[in-house]
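S.K.: The structure's right below; bear with me while I get my questions together.
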Amino acid sequence: MNAGLQILITLIAAVIITGGIFALSLVLSGERAYGLIENIDGVPFTVANEATLVTEKLAHLDVYLREPALFKRLVITVEFDPQNLRQLDVGVREGEFWLSYPRHTIYDALQHTSGRKSITIPINLTDKLQDSDRSVDVMFFAAAEGATSKEDEGVDDTALWELYNFTAHTEFTFPTTDEMKDYIRSVIKRERPL
Amino acid sequence: MVNTFTDRVFWTLLIAIGIIAAARWLHPATFSVQTFLVVTVITFIVGVLYLKKSS
């Protein structure tokens, strides 16, 4: 066998090995750990009795994946009491800009009854921003009665809701063409959280 | 005498380390640090075997 062919076989074998390792990581799924729910300055919210009292418009937590976000969706279940909210949205960060979260409404006072409830929502992850520790950033957007459109209302923030339970698990799913384009673009551009 | 099978496995793993490192440079979440370390340790062991057999 000539040297050129041997080098080619070695290269192909290396690509197959790394491709195989990557493909194996894509089929992983299951419940994933998450960090504390914090405000945008990284200060955790108070836990009283069995619930976390969220007293600001924006609240985020990290979900620690064990796999790449490609071909994955995150199914999150939130058990909460909306208290004085008129709307509660949730989103997973998709870009370098700190507030780039496509929002999914999980509570709307005009459509839902008040009181403690549990909502499950799937969010595709392929086009989302994954940190170097493989975590994704989940943000809650609370809109209280009379709230303005500012992200941070400081001492005027009247938002109050209670988080009783949060679970997150990953599932395999096929991304859309646009999501795949976003993923490829983020790899080529080496996107990182700013 | 060089053991050709060990030789090929060693070079294959070495290139695999390079691919994983390049992928992590582009997109750190593609491969975990643990994967990188496991492949590196296996390559090191195969490399030691390769050197022993070739000496």
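Going by the structure tokens order, chains are called A, B, ..., each with residues numbered from 1, while ligands are numbered from 1 in the order shown.
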Contacts from chain A to chain B, 9 Å maximum, only C-alpha atoms: show me the residue list as a PyMOL selection string.
M.R.: chain A and resi 6-7+9-18+21-22+25+66-70+130-135+186-192
S.K.: Keeping only C-alpha atoms, take the residues you just selected and write them out as a PDB file, in the first residue's frame.
M.R.:
```pdb
ATOM      1  CA  GLN A   6      -2.268   5.093   4.044  1.00  0.00           C
ATOM      2  CA  ILE A   7      -2.506   8.785   4.989  1.00  0.00           C
ATOM      3  CA  ILE A   9      -7.194   5.929   5.254  1.00  0.00           C
ATOM      4  CA  THR A  10      -5.826   7.353   8.529  1.00  0.00           C
ATOM      5  CA  LEU A  11      -7.571  10.696   7.914  1.00  0.00           C
ATOM      6  CA  ILE A  12     -10.886   9.013   7.046  1.00  0.00           C
ATOM      7  CA  ALA A  13     -10.632   6.810  10.156  1.00  0.00           C
ATOM      8  CA  ALA A  14     -10.022   9.902  12.337  1.00  0.00           C
ATOM      9  CA  VAL A  15     -13.048  11.660  10.825  1.00  0.00           C
ATOM     10  CA  ILE A  16     -15.203   8.551  11.369  1.00  0.00           C
ATOM     11  CA  ILE A  17     -14.078   8.290  15.023  1.00  0.00           C
ATOM     12  CA  THR A  18     -14.788  11.954  15.808  1.00  0.00           C
ATOM     13  CA  ILE A  21     -18.377  10.395  19.100  1.00  0.00           C
ATOM     14  CA  PHE A  22     -20.340  13.493  18.021  1.00  0.00           C
ATOM     15  CA  SER A  25     -23.719  12.705  21.927  1.00  0.00           C
ATOM     16  CA  ARG A  66     -24.759  17.049  28.600  1.00  0.00           C
ATOM     17  CA  GLU A  67     -24.928  17.225  24.827  1.00  0.00           C
ATOM     18  CA  PRO A  68     -24.645  19.733  21.970  1.00  0.00           C
ATOM     19  CA  ALA A  69     -27.828  21.746  21.343  1.00  0.00           C
ATOM     20  CA  LEU A  70     -27.992  20.419  17.781  1.00  0.00           C
ATOM     21  CA  GLN A 130     -24.823  27.248  24.197  1.00  0.00           C
ATOM     22  CA  ASP A 131     -22.059  28.271  26.578  1.00  0.00           C
ATOM     23  CA  SER A 132     -18.679  26.515  26.723  1.00  0.00           C
ATOM     24  CA  ASP A 133     -19.882  24.487  29.743  1.00  0.00           C
ATOM     25  CA  ARG A 134     -22.796  23.347  27.526  1.00  0.00           C
ATOM     26  CA  SER A 135     -25.369  25.301  29.536  1.00  0.00           C
ATOM     27  CA  SER A 186     -23.022  30.428  14.990  1.00  0.00           C
ATOM     28  CA  VAL A 187     -20.279  27.789  14.518  1.00  0.00           C
ATOM     29  CA  ILE A 188     -18.617  29.692  11.662  1.00  0.00           C
ATOM     30  CA  LYS A 189     -18.860  33.044  13.455  1.00  0.00           C
ATOM     31  CA  ARG A 190     -17.701  31.473  16.755  1.00  0.00           C
ATOM     32  CA  GLU A 191     -20.603  33.052  18.650  1.00  0.00           C
ATOM     33  CA  ARG A 192     -20.065  33.439  22.388  1.00  0.00           C
TER      34      ARG A 192
END
```
S.K.: Write out as a PDB file with N, CA and C atoms, in the first residue's frame the residues lying within 9 Å of Ile106 of chain A, counting only C-alpha atoms and excluding same-chain residues fewer than 6 positions away.
M.R.:
```
ATOM      1  N   VAL A  78     -42.853  24.292  34.390  1.00  0.00           N
ATOM      2  CA  VAL A  78     -42.782  25.340  35.411  1.00  0.00           C
ATOM      3  C   VAL A  78     -44.050  25.277  36.255  1.00  0.00           C
ATOM      4  N   GLN A  87     -48.826  38.812  32.608  1.00  0.00           N
ATOM      5  CA  GLN A  87     -48.238  37.902  31.619  1.00  0.00           C
ATOM      6  C   GLN A  87     -46.891  37.390  32.109  1.00  0.00           C
ATOM      7  N   LEU A  88     -46.613  36.119  31.803  1.00  0.00           N
ATOM      8  CA  LEU A  88     -45.301  35.540  32.119  1.00  0.00           C
ATOM      9  C   LEU A  88     -44.821  34.790  30.878  1.00  0.00           C
ATOM     10  N   ASP A  89     -43.654  35.200  30.391  1.00  0.00           N
ATOM     11  CA  ASP A  89     -43.046  34.555  29.215  1.00  0.00           C
ATOM     12  C   ASP A  89     -41.758  33.863  29.625  1.00  0.00           C
ATOM     13  N   VAL A  90     -41.345  32.901  28.822  1.00  0.00           N
ATOM     14  CA  VAL A  90     -40.068  32.237  29.058  1.00  0.00           C
ATOM     15  C   VAL A  90     -39.348  32.106  27.711  1.00  0.00           C
ATOM     16  N   ILE A 119     -47.159  24.423  33.921  1.00  0.00           N
ATOM     17  CA  ILE A 119     -47.160  24.557  32.460  1.00  0.00           C
ATOM     18  C   ILE A 119     -45.917  23.868  31.886  1.00  0.00           C
ATOM     19  N   THR A 120     -46.114  23.084  30.831  1.00  0.00           N
ATOM     20  CA  THR A 120     -44.983  22.442  30.150  1.00  0.00           C
ATOM     21  C   THR A 120     -44.863  23.033  28.750  1.00  0.00           C
ATOM     22  N   ILE A 121     -43.642  23.370  28.385  1.00  0.00           N
ATOM     23  CA  ILE A 121     -43.438  23.987  27.067  1.00  0.00           C
ATOM     24  C   ILE A 121     -42.146  23.455  26.437  1.00  0.00           C
TER      25      ILE A 121
END
```
S.K.: Write out as a ChimeraX atom specification each polymer residue whose atoms come within 10 Å of Gly91 of chain A, counting only C-alpha atoms; drop sequence neighbours fewer than 2 positions from it.
M.R.: /A:60,89,93-94,99-105,123,128,137-141
S.K.: Work out how far atom CA of Asp62 of chain A is from atom CA of Leu125 of chain A, in Å to one decimal.
M.R.: 13.6 Å
